[in-house]
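**Q** Data: final-v6.txt, compact mmCIF, C-alpha atoms.
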```
# COMPACT_ATOMS: atom_id res chain seq x y z
CA ALA A 240 0.00 0.00 0.00
CA THR A 241 1.19 3.49 -0.82
CA ALA A 242 1.74 5.69 2.23
CA VAL A 243 -0.27 8.85 2.24
CA ALA A 244 1.69 11.91 3.23
CA PRO A 245 0.06 13.92 6.03
CA ASP A 246 -1.43 17.23 5.08
CA ALA A 247 0.99 20.12 5.54
CA PRO A 248 -0.08 22.71 8.17
CA PRO A 249 -1.70 25.75 6.64
CA ALA A 250 0.55 28.77 6.20
CA PRO A 251 -0.15 31.58 8.68
CA ALA A 252 -2.47 34.17 7.27
CA ILE A 253 -0.89 37.53 6.49
CA PRO A 254 -3.10 40.40 7.67
CA ALA A 255 -4.39 42.59 4.92
CA ALA A 256 -3.19 46.16 4.72
CA SER A 257 -6.55 47.46 5.93
CA GLU A 258 -6.44 45.13 8.94
CA ARG A 259 -2.91 46.23 9.85
CA SER A 260 -4.00 49.85 9.54
CA ALA A 261 -6.97 49.19 11.83
CA TRP A 262 -4.71 47.60 14.45
CA ALA A 263 -2.28 50.50 14.22
CA GLY A 264 -5.13 52.95 14.73
CA LEU A 265 -6.40 50.94 17.72
CA LEU A 266 -2.99 51.01 19.37
CA ALA A 267 -2.43 54.71 18.73
CA ASN A 268 -5.93 55.95 19.58
CA VAL A 269 -6.95 53.57 22.38
CA LEU A 270 -3.90 51.94 23.94
CA MET A 271 -1.55 54.92 24.18
CA PRO A 272 -4.12 57.33 25.72
CA ALA A 273 -5.04 54.59 28.22
CA LEU A 274 -1.36 54.17 29.12
CA ARG A 275 -0.92 57.90 29.63
CA ARG A 276 -3.86 57.86 32.03
CA GLY A 277 -2.42 54.80 33.73
CA LEU A 278 0.84 56.58 34.45
CA ARG A 279 -1.12 59.08 36.56
CA LEU A 280 -2.86 56.56 38.80
CA PRO A 281 -2.73 57.40 42.52
CA PRO A 282 -0.36 55.61 44.92
CA GLU A 283 -3.21 53.38 46.11
CA ARG A 284 -3.17 51.67 42.70
CA GLU A 285 0.58 51.23 42.47
CA LEU A 286 0.39 47.61 41.26
CA VAL A 287 -1.87 48.55 38.35
CA ARG A 288 0.35 51.50 37.55
CA ALA A 289 3.46 49.30 37.52
CA GLU A 290 1.77 47.00 35.00
CA MET A 291 0.93 50.03 32.87
CA VAL A 292 4.62 50.99 32.78
CA ARG A 293 5.52 47.43 31.83
CA LEU A 294 2.88 47.42 29.07
CA LEU A 295 4.20 50.75 27.77
CA SER A 296 7.68 49.27 27.51
CA VAL A 297 6.43 46.18 25.65
CA ALA A 298 4.30 48.27 23.28
CA LEU A 299 7.21 50.56 22.41
CA GLU A 300 9.53 47.63 21.80
CA ALA A 301 6.99 46.01 19.47
CA ARG A 302 5.99 49.22 17.69
CA PRO A 303 8.38 52.15 18.23
CA ALA A 304 6.31 54.35 15.92
CA LEU A 305 3.67 54.64 18.66
CA GLN A 306 5.94 57.11 20.49
CA PRO A 307 9.34 57.40 18.77
CA GLU A 308 10.88 59.61 21.44
CA MET A 309 9.98 57.28 24.31
CA ALA A 310 10.96 54.28 22.21
CA THR A 311 14.58 55.49 22.30
CA LEU A 312 14.59 54.55 26.00
CA CYS A 313 14.02 50.89 25.10
CA THR A 314 17.16 48.83 24.44
CA PRO A 315 16.11 45.20 24.97
CA SER A 316 19.44 43.97 23.59
CA ASP A 317 21.28 45.74 26.43
CA SER A 318 19.61 45.43 29.82
CA GLU A 319 22.13 47.81 31.40
CA ALA A 320 20.96 50.65 29.14
CA ASP A 321 17.22 49.84 29.01
CA PHE A 322 15.45 52.59 30.94
CA PHE A 323 12.24 50.72 31.69
CA TYR A 324 14.03 47.54 32.75
CA ASN A 325 16.28 49.40 35.18
CA LEU A 326 13.50 51.66 36.47
CA ALA A 327 11.76 48.61 37.96
CA HIS A 328 14.94 46.74 38.91
CA VAL A 329 15.22 45.35 42.42
CA GLN A 330 18.66 46.93 42.77
CA LEU A 331 18.08 50.56 43.67
CA PRO A 332 21.42 51.85 42.30
CA ARG A 333 20.35 50.68 38.85
CA ARG A 334 17.22 52.80 39.14
CA GLN A 335 19.37 55.80 40.05
CA ARG A 336 21.66 55.23 37.08
CA ALA A 337 18.64 55.00 34.77
CA LEU A 338 17.37 58.33 36.08
CA ALA A 339 20.82 59.91 35.71
CA ARG A 340 20.97 58.82 32.06
CA LEU A 341 17.48 60.19 31.50
CA ARG A 342 18.52 63.50 33.03
CA ALA A 343 21.47 63.69 30.65
CA ARG A 344 19.20 63.07 27.67
CA LEU A 345 16.77 65.72 28.86
CA SER A 346 19.58 68.24 29.03
CA GLU A 347 20.40 67.39 25.41
CA GLY A 348 16.89 68.37 24.32
CA VAL A 349 16.02 64.92 22.98
CA PHE A 350 12.39 64.99 24.18
CA SER A 351 9.64 67.38 23.11
CA ALA A 352 7.42 69.19 25.63
CA PRO A 353 4.35 66.92 24.97
CA THR A 354 6.44 63.80 25.55
CA ILE A 355 7.85 65.20 28.77
CA ALA A 356 4.42 66.25 30.04
CA GLY A 357 2.57 63.11 28.95
CA TYR A 358 5.06 60.41 29.93
CA LEU A 359 8.19 61.51 31.77
CA VAL A 360 6.68 63.87 34.34
CA PRO A 361 4.15 61.26 35.60
CA LEU A 362 6.92 58.65 35.81
CA LEU A 363 9.21 60.96 37.75
CA THR A 364 6.47 62.33 40.01
CA ASP A 365 5.57 58.82 41.11
CA LEU A 366 9.20 58.15 42.08
CA VAL A 367 9.39 61.43 43.99
CA LEU A 368 6.32 60.47 46.05
CA ARG A 369 7.33 56.91 46.92
CA ARG A 370 6.60 56.10 50.57
CA SER A 371 9.27 53.47 51.18
CA ALA A 372 12.21 54.72 53.22
CA LYS A 373 14.60 52.46 51.32
CA GLU A 374 13.75 54.31 48.10
CA LEU A 375 14.80 57.70 49.49
CA ASP A 376 17.94 57.92 47.34
CA VAL A 377 15.92 57.04 44.23
CA ALA A 378 13.39 59.75 45.12
CA GLU A 379 16.16 62.34 45.49
CA THR A 380 17.57 61.39 42.10
CA ALA A 381 14.06 61.65 40.66
CA VAL A 382 13.77 65.20 42.05
CA GLU A 383 16.98 66.19 40.23
CA THR A 384 15.71 64.64 37.01
CA LEU A 385 12.29 66.27 37.41
CA ARG A 386 14.04 69.63 37.69
CA GLU A 387 15.56 69.10 34.24
CA ALA A 388 12.20 68.03 32.83
CA ALA A 389 10.28 70.97 34.32
CA ALA A 390 12.58 73.44 32.58
CA ARG A 391 11.20 72.21 29.24
CA LEU A 392 7.48 72.22 30.01
CA GLY A 393 4.82 74.53 28.63
CA TRP A 394 2.89 76.77 30.99
CA ARG A 395 -0.18 74.56 31.52
CA PRO A 396 1.66 71.30 32.38
CA TYR A 397 4.15 73.28 34.47
CA LEU A 398 1.29 74.77 36.49
CA GLN A 399 -0.42 71.37 36.81
CA LEU A 400 2.82 69.89 38.15
CA LEU A 401 3.05 72.54 40.87
CA LEU A 402 -0.64 72.23 41.77
CA GLY A 403 -0.19 68.46 42.02
CA PHE A 404 2.60 68.91 44.55
CA ILE A 405 0.46 71.36 46.53
CA ARG A 406 -2.26 68.71 46.73
CA SER A 407 0.34 66.17 47.83
CA LEU A 408 1.26 68.42 50.76
CA LYS A 409 -2.32 68.01 52.01
CA LEU A 410 -2.78 64.34 51.15
CA GLN A 411 0.71 63.10 52.09
CA PRO A 412 1.97 65.31 54.93
CA TYR A 413 4.53 62.67 55.92
CA LEU A 414 6.35 63.48 52.64
CA GLU A 415 6.33 67.20 53.28
CA ARG A 416 10.12 67.73 53.17
CA ARG A 417 10.51 65.80 49.93
CA VAL A 418 7.55 67.50 48.26
CA VAL A 419 8.88 70.92 49.26
CA ARG A 420 12.29 70.03 47.77
CA ALA A 421 10.57 68.98 44.55
CA MET A 422 8.60 72.24 44.40
CA VAL A 423 11.75 74.26 45.00
CA ALA A 424 13.50 72.34 42.20
CA VAL A 425 10.62 73.04 39.80
CA LEU A 426 10.39 76.71 40.73
CA ASP A 427 14.15 77.08 40.46
CA VAL A 428 13.94 76.47 36.71
CA PHE A 429 10.87 78.65 36.07
CA PRO A 430 11.13 78.82 32.25
CA PHE A 431 8.80 81.73 31.51
CA ASP A 432 9.83 85.34 31.07
CA ILE A 433 7.51 87.64 33.00
CA SER A 434 9.96 90.49 33.48
CA GLU A 435 8.64 92.60 30.58
CA GLU A 436 5.12 93.90 31.08
CA GLU A 437 3.26 95.63 28.28
CA ASP A 438 3.44 99.43 28.32
CA PRO A 439 -0.10 100.91 28.66
CA GLU A 440 0.80 103.80 26.35
CA GLU A 441 2.09 101.42 23.71
CA ARG A 442 -1.09 99.38 24.01
CA ALA A 443 -3.19 102.54 23.53
CA GLU A 444 -1.20 103.45 20.42
CA GLN A 445 -1.78 100.00 18.97
CA LEU A 446 -5.52 100.29 19.56
CA GLU A 447 -5.58 103.74 17.92
CA ARG A 448 -3.74 102.41 14.86
CA LEU A 449 -6.22 99.57 14.58
CA ARG A 450 -9.13 102.03 14.80
CA LEU A 451 -7.67 104.20 12.04
CA GLU A 452 -7.02 101.17 9.83
CA ARG A 453 -10.62 100.00 10.21
CA GLN A 454 -11.89 103.52 9.46
CA GLU A 455 -9.78 103.68 6.31
CA GLN A 456 -11.03 100.27 5.17
CA GLU A 457 -14.64 101.35 5.66
CA GLN A 458 -14.03 104.50 3.61
CA GLN A 459 -12.51 102.45 0.81
CA ARG A 460 -15.56 100.18 0.77
CA GLU A 461 -17.91 103.17 0.65
CA GLN A 462 -16.17 104.90 -2.29
CA PRO A 463 -17.24 102.36 -4.98
CA ARG A 464 -20.77 102.51 -3.62
CA ASP A 465 -20.84 106.33 -3.95
CA GLN A 466 -19.45 106.13 -7.47
CA GLN A 467 -22.16 103.64 -8.47
CA GLU A 468 -24.87 105.92 -7.09
CA GLU A 469 -23.48 108.93 -9.03
CA ALA A 470 -23.33 106.92 -12.25
CA GLY A 471 -26.94 105.83 -11.74
CA GLU A 472 -28.10 109.42 -11.25
CA GLN A 473 -26.27 110.55 -14.43
CA GLN A 474 -27.95 107.80 -16.45
CA ARG A 475 -31.39 108.84 -15.19
CA GLU A 476 -30.70 112.48 -16.17
```
What does the file become when written as structure tokens?
**A**
Amino acid sequence: ATAVAPDAPPAPAIPAASERSAWAGLLANVLMPALRRGLRLPPERELVRAEMVRLLSVALEARPALQPEMATLCTPSDSEADFFYNLAHVQLPRRQRALARLRARLSEGVFSAPTIAGYLVPLLTDLVLRRSAKELDVAETAVETLREAAARLGWRPYLQLLLGFIRSLKLQPYLERRVVRAMVAVLDVFPFDISEEEDPEERAEQLERLRLERQEQEQQREQPRDQQEEAGEQQRE
């Protein structure tokens, strides 16, 4: 009898372009906003928040285009340089070295203001507000790194960061000294120039120029109308 060869396993289906596009949109429009919210979870949900950070790392490794700037912190081939791996490492000195490297990259201007506000500030704020006494050195390093990040924030996220620390003073009074140090660090790099106030006389001159320009424009619009009326009267005569 002739042996019958077993059927070969079916080849894995290759997703269509439309399906890949739909998945990409799902990751960008659903997953990433959810992760940004997860980074801001309160200390009472620390376990969930830690899983969010882990998921962010995995997502960026699999698809760096989701957040190219944050993806540069992922180096799975070199655990010593991988920011997310070292940030959760059991050895606290490795966490401090990861924060020191992040601070150096912030000083180089690698990250944009939205990336700093949406990802890095929540990560650093959580480290600053850790309750464990053994993580004190990590928290101090996080304060130094947060200082570098705050210098590159826009006004609204900068204000939200300060207001968040003010709330922490009320909700976590046992961290008062650390929170005050963090606020001093943030205020020390106040990045907005408020030294030059607008001159009232100059403002009045600008308003007068605008009024004259509008008056001139109205006169120019009325001239063709007057000319049309004169032409009409001449035709009737």
**Q** Put a box with edges along x, y and z around all the listed atoms of stretch 366-384 of chain A, pad it by 3 Å on each side, then give me its centre and sizes in Å, one decimal, as AutoDock Vina command-line options.
**A**
```
--center_x 12.1 --center_y 59.3 --center_z 45.1 --size_x 17.6 --size_y 19.7 --size_z 22.2
```
**Q** When you look at A:Pro332 with a cut-off of 12 Å (counting all atoms listed in the file), what residues show up, excluding the ones that are within fewer than 4 positions of it in the same chain? I need them as a PyMOL selection string.
**A** chain A and resi 319+325-328+336-339+373-378+380
**Q** For a test of reading the model, state the distance in Å between atom CA of A:Gly357 and atom CA of A:Arg391, rounded to one decimal.
**A**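 If I compute the distance from atom CA of A:Gly357 to atom CA of A:Arg391, I get 12.5 Å.
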**Q** Determine, using all atoms listed in the file, which residues of stretch 340-446 of chain A have any atom at most 10 Å from an atom of stretch 303-313 of chain A, and tabulate each with its shortest atom pair and distance in Å to one decimal place, rows ordered by chain and then rising number, as CSV.
**A**
```
residue,atom,partner,partner_atom,distance
A:Arg340,CA,A:Leu312,CA,9.8
A:Leu341,CA,A:Leu312,CA,8.4
A:Arg344,CA,A:Leu312,CA,9.8
A:Val349,CA,A:Glu308,CA,7.5
A:Phe350,CA,A:Glu308,CA,6.2
A:Ser351,CA,A:Glu308,CA,8.0
A:Thr354,CA,A:Glu308,CA,7.4
A:Ile355,CA,A:Met309,CA,9.3
A:Tyr358,CA,A:Met309,CA,8.1
A:Leu359,CA,A:Met309,CA,8.8
```
**Q** How many Å separate atom CA of A:Ala388 from atom CA of A:Val360?
**A**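 Spanning atom CA of A:Ala388 to atom CA of A:Val360 is a straight-line distance of 7.1 Å.
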**Q** Hey, which of A:Pro430, A:Arg284, A:Gly348, A:Ala298 ends up closest to A:Ala267? Count only C-alpha atoms.
**A**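 Using only C-alpha atoms, the shortest distance to A:Ala267 belongs to A:Ala298.
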**Q** How many Å separate atom CA of A:Leu368 from atom CA of A:Val418?
**A**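 Those two atoms sit 7.5 Å apart.
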**Q** From the set A:Glu383, A:Glu283, A:Asp317, A:Glu300, which residue has the shortest atom-to-atom contact distance to A:Met422, counting all atoms listed in the file?
**A**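 Between A:Glu383, A:Glu283, A:Asp317, A:Glu300, the residue approaching A:Met422 most closely is A:Glu383.
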**Q** With a distance cut-off of 9 Å and only C-alpha atoms, select the neighbouring residues of stretch 287-295 of chain A, excluding the residue or stretch itself and same-chain residues fewer than 2 positions from it, and output the selection as a list in words.
**A** Met271, Ala273, Leu274, Arg275, Gly277, Leu278, Arg279, Leu280, Pro281, Pro282, Arg284, Glu285, Val297, Ala298, Leu299, Glu300, Phe323, Tyr324, Ala327 and Leu362 of chain A
